[in-house]
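Note: the block below is coords.cif and it holds mmCIF, C-alpha atoms; chains and numbers go by the auth columns.
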```
data_structure
loop_
_atom_site.group_PDB
_atom_site.id
_atom_site.type_symbol
_atom_site.label_atom_id
_atom_site.label_comp_id
_atom_site.label_asym_id
_atom_site.label_seq_id
_atom_site.Cartn_x
_atom_site.Cartn_y
_atom_site.Cartn_z
_atom_site.B_iso_or_equiv
_atom_site.auth_seq_id
_atom_site.auth_asym_id
ATOM 1 C CA MET A 1 24.732 0.002 8.715 0.00 224 B
ATOM 2 C CA THR A 2 21.418 -0.069 10.529 0.00 225 B
ATOM 3 C CA GLU A 3 19.711 -3.435 10.565 0.00 226 B
ATOM 4 C CA PHE A 4 16.084 -2.721 9.755 0.00 227 B
ATOM 5 C CA LYS A 5 13.599 -5.263 11.084 0.00 228 B
ATOM 6 C CA HIS A 6 10.200 -3.564 10.881 0.00 229 B
ATOM 7 C CA LEU A 7 8.189 -3.031 7.683 0.00 230 B
ATOM 8 C CA VAL A 8 5.807 -0.070 7.861 0.00 231 B
ATOM 9 C CA LEU A 9 3.646 -0.364 4.761 0.00 232 B
ATOM 10 C CA VAL A 10 1.337 2.266 3.242 0.00 233 B
ATOM 11 C CA PRO A 11 -0.752 0.823 0.375 0.00 234 B
ATOM 12 C CA GLY A 12 -1.511 3.208 -2.472 0.00 235 B
ATOM 13 C CA HIS A 13 -5.029 3.894 -3.709 0.00 236 B
ATOM 14 C CA ALA A 14 -4.573 6.306 -6.622 0.00 237 B
ATOM 15 C CA VAL A 15 -1.930 8.162 -8.634 0.00 238 B
ATOM 16 C CA TRP A 16 -1.035 11.796 -7.897 0.00 239 B
ATOM 17 C CA ASN A 17 0.069 13.979 -10.823 0.00 240 B
ATOM 18 C CA LEU A 18 3.233 15.073 -8.942 0.00 241 B
ATOM 19 C CA ARG A 19 2.607 18.764 -9.612 0.00 242 B
ATOM 20 C CA GLU A 20 -0.451 20.331 -8.011 0.00 243 B
ATOM 21 C CA ASP A 21 -1.650 20.648 -4.436 0.00 244 B
ATOM 22 C CA PRO A 22 -2.301 17.022 -3.388 0.00 245 B
ATOM 23 C CA THR A 23 -5.389 18.010 -1.402 0.00 246 B
ATOM 24 C CA LEU A 24 -7.170 18.815 -4.688 0.00 247 B
ATOM 25 C CA ASP A 25 -9.144 16.078 -6.417 0.00 248 B
ATOM 26 C CA SER A 26 -8.030 17.567 -9.733 0.00 249 B
ATOM 27 C CA SER A 27 -4.402 16.713 -8.968 0.00 250 B
ATOM 28 C CA TRP A 28 -5.172 12.980 -8.819 0.00 251 B
ATOM 29 C CA TYR A 29 -6.264 10.320 -11.289 0.00 252 B
ATOM 30 C CA LEU A 30 -9.317 9.155 -9.365 0.00 253 B
ATOM 31 C CA LYS A 31 -11.929 6.509 -9.956 0.00 254 B
ATOM 32 C CA PRO A 32 -15.510 7.873 -9.894 0.00 255 B
ATOM 33 C CA TYR A 33 -16.113 6.642 -6.342 0.00 256 B
ATOM 34 C CA GLN A 34 -12.918 8.287 -5.018 0.00 257 B
ATOM 35 C CA ASN A 35 -14.067 11.911 -5.153 0.00 258 B
ATOM 36 C CA SER A 36 -12.978 13.862 -2.056 0.00 259 B
ATOM 37 C CA GLU A 37 -10.731 10.993 -0.920 0.00 260 B
ATOM 38 C CA PRO A 38 -7.244 12.525 -1.472 0.00 261 B
ATOM 39 C CA GLN A 39 -7.309 14.184 1.942 0.00 262 B
ATOM 40 C CA TYR A 40 -7.742 10.701 3.442 0.00 263 B
ATOM 41 C CA PHE A 41 -4.891 9.273 1.344 0.00 264 B
ATOM 42 C CA ILE A 42 -2.652 12.016 2.748 0.00 265 B
ATOM 43 C CA GLU A 43 -3.606 10.960 6.272 0.00 266 B
ATOM 44 C CA HIS A 44 -2.522 7.392 5.431 0.00 267 B
ATOM 45 C CA ILE A 45 0.859 8.718 4.291 0.00 268 B
ATOM 46 C CA LYS A 46 1.240 10.821 7.437 0.00 269 B
ATOM 47 C CA ALA A 47 0.329 7.851 9.641 0.00 270 B
ATOM 48 C CA GLY A 48 3.024 5.785 7.953 0.00 271 B
ATOM 49 C CA VAL A 49 5.623 8.501 8.496 0.00 272 B
ATOM 50 C CA GLU A 50 4.662 8.802 12.152 0.00 273 B
ATOM 51 C CA ALA A 51 4.741 5.030 12.688 0.00 274 B
ATOM 52 C CA ALA A 52 8.204 4.803 11.129 0.00 275 B
ATOM 53 C CA ALA A 53 9.409 7.785 13.169 0.00 276 B
ATOM 54 C CA GLN A 54 8.606 5.879 16.362 0.00 277 B
ATOM 55 C CA ASP A 55 10.914 2.995 15.422 0.00 278 B
ATOM 56 C CA PRO A 56 14.447 3.629 14.105 0.00 279 B
ATOM 57 C CA GLU A 57 14.550 -0.002 12.933 0.00 280 B
ATOM 58 C CA ALA A 58 11.587 0.564 10.581 0.00 281 B
ATOM 59 C CA ILE A 59 11.620 0.914 6.827 0.00 282 B
ATOM 60 C CA LEU A 60 8.704 2.975 5.539 0.00 283 B
ATOM 61 C CA MET A 61 7.433 1.534 2.281 0.00 284 B
ATOM 62 C CA PHE A 62 4.912 3.115 -0.078 0.00 285 B
ATOM 63 C CA SER A 63 3.407 0.409 -2.279 0.00 286 B
ATOM 64 C CA GLY A 64 1.473 0.683 -5.529 0.00 287 B
ATOM 65 C CA GLY A 65 2.094 0.346 -9.241 0.00 288 B
ATOM 66 C CA ALA A 66 1.321 2.322 -12.384 0.00 289 B
ATOM 67 C CA THR A 67 -2.407 1.604 -12.257 0.00 290 B
ATOM 68 C CA ASP A 68 -3.921 4.405 -14.346 0.00 291 B
ATOM 69 C CA PRO A 69 -3.354 4.776 -18.119 0.00 292 B
ATOM 70 C CA GLU A 70 -4.073 8.525 -18.021 0.00 293 B
ATOM 71 C CA ALA A 71 -1.275 8.974 -15.499 0.00 294 B
ATOM 72 C CA GLY A 72 1.252 7.252 -17.721 0.00 295 B
ATOM 73 C CA PRO A 73 4.003 5.301 -15.962 0.00 296 B
ATOM 74 C CA ILE A 74 3.744 7.289 -12.708 0.00 297 B
ATOM 75 C CA THR A 75 3.206 4.872 -9.839 0.00 298 B
ATOM 76 C CA GLU A 76 1.015 5.222 -6.786 0.00 299 B
ATOM 77 C CA ALA A 77 4.101 4.644 -4.628 0.00 300 B
ATOM 78 C CA LEU A 78 6.111 7.453 -6.207 0.00 301 B
ATOM 79 C CA GLY A 79 3.266 9.909 -5.687 0.00 302 B
ATOM 80 C CA TYR A 80 2.936 8.940 -2.029 0.00 303 B
ATOM 81 C CA TRP A 81 6.688 9.380 -1.392 0.00 304 B
ATOM 82 C CA LEU A 82 6.669 12.802 -3.033 0.00 305 B
ATOM 83 C CA ILE A 83 3.614 13.871 -1.040 0.00 306 B
ATOM 84 C CA ALA A 84 5.486 13.036 2.166 0.00 307 B
ATOM 85 C CA ASP A 85 8.307 15.202 0.818 0.00 308 B
ATOM 86 C CA TRP A 86 5.789 17.961 -0.075 0.00 309 B
ATOM 87 C CA TYR A 87 4.767 18.055 3.593 0.00 310 B
ATOM 88 C CA GLU A 88 8.413 17.847 4.718 0.00 311 B
ATOM 89 C CA TRP A 89 7.702 14.525 6.406 0.00 312 B
ATOM 90 C CA TRP A 90 5.500 16.279 8.967 0.00 313 B
ATOM 91 C CA GLY A 91 8.525 17.205 11.037 0.00 314 B
ATOM 92 C CA HIS A 92 10.103 13.733 10.884 0.00 315 B
ATOM 93 C CA GLY A 93 12.801 14.424 8.310 0.00 316 B
ATOM 94 C CA GLU A 94 14.888 11.511 9.544 0.00 317 B
ATOM 95 C CA VAL A 95 12.339 9.106 8.037 0.00 318 B
ATOM 96 C CA ARG A 96 13.107 10.323 4.503 0.00 319 B
ATOM 97 C CA ALA A 97 16.364 8.354 4.355 0.00 320 B
ATOM 98 C CA ARG A 98 14.567 5.084 5.129 0.00 321 B
ATOM 99 C CA ALA A 99 11.456 5.603 3.015 0.00 322 B
ATOM 100 C CA VAL A 100 11.363 3.406 -0.089 0.00 323 B
ATOM 101 C CA LEU A 101 9.079 2.460 -2.958 0.00 324 B
ATOM 102 C CA GLU A 102 7.454 -0.806 -3.993 0.00 325 B
ATOM 103 C CA GLU A 103 6.119 -0.091 -7.488 0.00 326 B
ATOM 104 C CA PHE A 104 4.587 -3.349 -8.737 0.00 327 B
ATOM 105 C CA ALA A 105 1.582 -4.062 -6.468 0.00 328 B
ATOM 106 C CA LEU A 106 -1.826 -3.977 -8.157 0.00 329 B
ATOM 107 C CA ASP A 107 -4.117 -4.709 -5.199 0.00 330 B
ATOM 108 C CA SER A 108 -4.113 -5.047 -1.425 0.00 331 B
ATOM 109 C CA PHE A 109 -2.785 -8.610 -1.362 0.00 332 B
ATOM 110 C CA LEU A 110 0.094 -7.673 -3.625 0.00 333 B
ATOM 111 C CA ASN A 111 0.784 -4.603 -1.473 0.00 334 B
ATOM 112 C CA VAL A 112 1.659 -6.970 1.366 0.00 335 B
ATOM 113 C CA LEU A 113 3.250 -9.743 -0.710 0.00 336 B
ATOM 114 C CA CYS A 114 5.401 -7.457 -2.840 0.00 337 B
ATOM 115 C CA GLY A 115 6.164 -5.401 0.262 0.00 338 B
ATOM 116 C CA LEU A 116 7.693 -8.498 1.830 0.00 339 B
ATOM 117 C CA TYR A 117 9.779 -9.241 -1.254 0.00 340 B
ATOM 118 C CA ARG A 118 10.924 -5.632 -1.539 0.00 341 B
ATOM 119 C CA PHE A 119 11.985 -5.619 2.116 0.00 342 B
ATOM 120 C CA GLN A 120 13.906 -8.859 1.593 0.00 343 B
ATOM 121 C CA GLU A 121 15.498 -7.374 -1.519 0.00 344 B
ATOM 122 C CA LEU A 122 16.728 -4.405 0.517 0.00 345 B
ATOM 123 C CA GLN A 123 17.722 -6.166 3.725 0.00 346 B
ATOM 124 C CA GLY A 124 18.514 -9.719 2.704 0.00 347 B
ATOM 125 C CA GLU A 125 16.000 -11.075 5.194 0.00 348 B
ATOM 126 C CA TRP A 126 12.313 -10.887 6.035 0.00 349 B
ATOM 127 C CA PRO A 127 10.978 -8.320 8.501 0.00 350 B
ATOM 128 C CA SER A 128 10.330 -9.412 12.058 0.00 351 B
ATOM 129 C CA LYS A 129 7.070 -7.471 12.115 0.00 352 B
ATOM 130 C CA ILE A 130 4.723 -5.622 9.784 0.00 353 B
ATOM 131 C CA THR A 131 2.624 -2.515 10.332 0.00 354 B
ATOM 132 C CA VAL A 132 0.073 -1.503 7.676 0.00 355 B
ATOM 133 C CA CYS A 133 -1.514 1.978 7.641 0.00 356 B
ATOM 134 C CA GLY A 134 -4.767 2.246 5.710 0.00 357 B
ATOM 135 C CA TRP A 135 -8.535 2.322 5.533 0.00 358 B
ATOM 136 C CA GLY A 136 -10.392 1.135 8.611 0.00 359 B
ATOM 137 C CA PHE A 137 -12.848 -0.843 6.499 0.00 360 B
ATOM 138 C CA LYS A 138 -10.000 -2.905 5.009 0.00 361 B
ATOM 139 C CA ARG A 139 -8.761 -4.270 8.337 0.00 362 B
ATOM 140 C CA HIS A 140 -10.428 -7.668 7.911 0.00 363 B
ATOM 141 C CA ARG A 141 -9.242 -8.083 4.329 0.00 364 B
ATOM 142 C CA ILE A 142 -5.612 -7.238 5.049 0.00 365 B
ATOM 143 C CA ALA A 143 -5.016 -8.181 8.689 0.00 366 B
ATOM 144 C CA ASP A 144 -7.069 -11.375 8.565 0.00 367 B
ATOM 145 C CA LEU A 145 -7.511 -12.733 5.030 0.00 368 B
ATOM 146 C CA HIS A 146 -4.195 -11.661 3.511 0.00 369 B
ATOM 147 C CA ARG A 147 -2.205 -12.457 6.621 0.00 370 B
ATOM 148 C CA LYS A 148 -3.717 -15.942 6.752 0.00 371 B
ATOM 149 C CA ALA A 149 -3.186 -16.534 3.017 0.00 372 B
ATOM 150 C CA LEU A 150 0.495 -15.636 3.382 0.00 373 B
ATOM 151 C CA GLY A 151 0.943 -17.831 6.418 0.00 374 B
ATOM 152 C CA TRP A 152 2.419 -14.852 8.283 0.00 375 B
ATOM 153 C CA THR A 153 2.789 -15.712 11.996 0.00 376 B
ATOM 154 C CA LYS A 154 5.050 -12.902 13.190 0.00 377 B
ATOM 155 C CA PRO A 155 3.614 -9.659 14.650 0.00 378 B
ATOM 156 C CA PHE A 156 1.231 -7.858 12.282 0.00 379 B
ATOM 157 C CA HIS A 157 -0.261 -4.527 13.296 0.00 380 B
ATOM 158 C CA TYR A 158 -2.955 -2.740 11.322 0.00 381 B
ATOM 159 C CA ILE A 159 -3.505 0.989 11.894 0.00 382 B
ATOM 160 C CA GLU A 160 -7.047 2.027 10.966 0.00 383 B
ATOM 161 C CA VAL A 161 -6.246 5.562 9.893 0.00 384 B
ATOM 162 C CA ASN A 162 -9.691 6.636 8.694 0.00 385 B
ATOM 163 C CA ASP A 163 -12.690 5.772 6.544 0.00 386 B
ATOM 164 C CA PRO A 164 -14.313 7.656 3.657 0.00 387 B
ATOM 165 C CA PRO A 165 -17.585 9.523 4.310 0.00 388 B
ATOM 166 C CA ASN A 166 -19.574 6.951 2.305 0.00 389 B
ATOM 167 C CA VAL A 167 -18.233 4.090 4.403 0.00 390 B
ATOM 168 C CA ASP A 168 -21.586 2.281 4.579 0.00 391 B
ATOM 169 C CA GLU A 169 -21.701 2.035 0.779 0.00 392 B
ATOM 170 C CA VAL A 170 -18.015 1.122 0.660 0.00 393 B
ATOM 171 C CA ARG A 171 -18.494 -1.733 3.126 0.00 394 B
ATOM 172 C CA LYS A 172 -20.885 -3.388 0.695 0.00 395 B
ATOM 173 C CA ARG A 173 -18.230 -3.391 -2.033 0.00 396 B
ATOM 174 C CA GLU A 174 -15.670 -4.510 0.518 0.00 397 B
ATOM 175 C CA ALA A 175 -17.768 -7.518 1.511 0.00 398 B
ATOM 176 C CA ALA A 176 -17.849 -8.601 -2.138 0.00 399 B
ATOM 177 C CA THR A 177 -14.083 -8.142 -2.489 0.00 400 B
ATOM 178 C CA CYS A 178 -13.428 -10.149 0.670 0.00 401 B
ATOM 179 C CA ALA A 179 -15.617 -12.930 -0.692 0.00 402 B
ATOM 180 C CA GLU A 180 -13.505 -12.956 -3.858 0.00 403 B
ATOM 181 C CA PHE A 181 -10.321 -13.270 -1.811 0.00 404 B
ATOM 182 C CA GLU A 182 -11.867 -16.056 0.237 0.00 405 B
ATOM 183 C CA GLU A 183 -12.427 -17.929 -3.033 0.00 406 B
ATOM 184 C CA SER A 184 -8.911 -17.157 -4.312 0.00 407 B
ATOM 185 C CA PRO A 185 -6.689 -16.167 -1.350 0.00 408 B
ATOM 186 C CA TRP A 186 -3.719 -15.177 -3.538 0.00 409 B
ATOM 187 C CA GLY A 187 -5.949 -13.530 -6.141 0.00 410 B
ATOM 188 C CA GLU A 188 -4.670 -15.759 -8.923 0.00 411 B
ATOM 189 C CA GLU A 189 -8.104 -16.696 -10.254 0.00 412 B
ATOM 190 C CA GLY A 190 -11.531 -15.165 -10.788 0.00 413 B
ATOM 191 C CA PRO A 191 -12.430 -11.457 -10.508 0.00 414 B
ATOM 192 C CA ILE A 192 -9.281 -10.508 -8.597 0.00 415 B
ATOM 193 C CA ALA A 193 -7.040 -11.863 -11.346 0.00 416 B
ATOM 194 C CA GLU A 194 -9.082 -9.983 -13.954 0.00 417 B
ATOM 195 C CA LYS A 195 -8.778 -6.729 -12.000 0.00 418 B
ATOM 196 C CA ARG A 196 -5.022 -7.154 -11.897 0.00 419 B
ATOM 197 C CA LYS A 197 -4.864 -7.534 -15.655 0.00 420 B
ATOM 198 C CA MET A 198 -6.935 -4.387 -16.101 0.00 421 B
ATOM 199 C CA ARG A 199 -4.639 -2.394 -13.806 0.00 422 B
ATOM 200 C CA ASP A 200 -1.384 -3.681 -15.284 0.00 423 B
ATOM 201 C CA TYR A 201 -1.408 -1.312 -18.262 0.00 424 B
ATOM 202 C CA TYR A 202 2.344 -1.418 -18.749 0.00 425 B
ATOM 203 C CA VAL A 203 2.797 -5.162 -18.125 0.00 426 B
ATOM 204 C CA ARG A 204 5.520 -4.530 -15.578 0.00 427 B
ATOM 205 C CA VAL A 205 7.139 -7.644 -14.135 0.00 428 B
ATOM 206 C CA PRO A 206 8.811 -7.438 -10.715 0.00 429 B
ATOM 207 C CA GLY A 207 12.239 -8.930 -10.300 0.00 430 B
ATOM 208 C CA TYR A 208 11.432 -10.551 -6.969 0.00 431 B
ATOM 209 C CA ASP A 209 11.910 -14.291 -6.547 0.00 432 B
ATOM 210 C CA MET A 210 8.237 -14.946 -5.885 0.00 433 B
ATOM 211 C CA SER A 211 8.802 -18.672 -5.420 0.00 434 B
ATOM 212 C CA ASP A 212 10.553 -17.925 -2.125 0.00 435 B
ATOM 213 C CA GLN A 213 8.079 -18.132 0.758 0.00 436 B
ATOM 214 C CA SER A 214 10.581 -18.832 3.491 0.00 437 B
ATOM 215 C CA TRP A 215 8.968 -16.294 5.849 0.00 438 B
ATOM 216 C CA ARG A 216 6.406 -19.021 6.655 0.00 439 B
#
```
Mind turning this structure into structure tokens?
Amino acid sequence: MTEFKHLVLVPGHAVWNLREDPTLDSSWYLKPYQNSEPQYFIEHIKAGVEAAAQDPEAILMFSGGATDPEAGPITEALGYWLIADWYEWWGHGEVRARAVLEEFALDSFLNVLCGLYRFQELQGEWPSKITVCGWGFKRHRIADLHRKALGWTKPFHYIEVNDPPNVDEVRKREAATCAEFEESPWGEEGPIAEKRKMRDYYVRVPGYDMSDQSWR
């Protein structure tokens, strides 16, 4: 059995309907500000597949819960996995067997935290390094704030895949979100906690032992 040591994480941003062409906005359950973004989500997925293909000791993990009531219990993570399958893993079919889901995360911090617990659940130990593939504008939030909050000292690589066309407007919202995480690094209080409640439509509780922080 291969001993996997590297977590390649692709955070989800929206739910795909699992049926129609994923490049179409109409095939996704999008927030108003996410119009025309699915093509960028697909690039995140592809980047994750390519990163995992470069390292046979990597587990590729798509992370994201059932965050949209109109989508029902379909998770962001499931949609991302099936999109990779739709594109036949961009020629890296070997990655399919080591691509897994983390279906409880409700925001970027939980993408990383739950990703760690899911990896430990699968492998019985923590990864020796993490690679995250996502928005360029989220680098500071994830690679700096979340990494610091978790006390993660092992290698952590962030791949800035792309940014949306309205990145200047997005950066303003991002600055506010980062400020919220600076106030509550684990997102357990304030606006972040409220956002989690709003997104947790099905009140799904992960089975991870979230008292275990022995990666520190």
Kindly resolve the PyMOL selection byres ((chain B and resi 312) around 12) on the present coordinates and return the residues as an MDAnalysis selection string. chainID B and resid 265:266 268:276 283 303:311 313:322
Write out as a count of residues only each polymer residue whose atoms come within 12 Å of Thr400 in chain B, counting all atoms listed in the file; drop sequence neighbours fewer than 6 positions from it. 20
So, with all atoms listed in the file as the atoms that count, which of B:Tyr256, B:Trp375, B:Phe285, B:Phe227 lies closest to Ser437 in chain B?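 Once distances to Ser437 in chain B are computed over all atoms listed in the file, the minimum belongs to B:Trp375.
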I need the output of the PyMOL selection byres ((chain B and resi 327) around 12) for this file as an MDAnalysis selection string; which residues are they? chainID B and resid 234:235 285:290 296:301 324:326 328:338 340:341 419 422:431
Apply the PyMOL selection byres ((chain B and resi 380-387) around 6) to the structure shown and report the selected residues as a VMD selection string. chain B and resid 354 to 359 379 388 to 390
Check the smallest atom-to-atom distance from each of B:Glu348, B:Ala281, B:Gln343, B:Arg439 to Lys371 in chain B using only C-alpha atoms, then report the winner.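 Answer, going by the shortest atom-to-atom distance: B:Arg439.
Relative to CA of Gln346 in chain B, CA of Glu226 in chain B is found at 7.6 Å.
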What is the CA of Ala237 in chain B-CA of Gly374 in chain B distance in Å, reported with one decimal?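 Value for the CA of Ala237 in chain B-CA of Gly374 in chain B distance: 28.0 Å.
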Check the smallest atom-to-atom distance from each of B:Ala294, B:Cys401, B:Ala366, B:Met433 to Glu344 in chain B using only C-alpha atoms, then report the winner. B:Met433
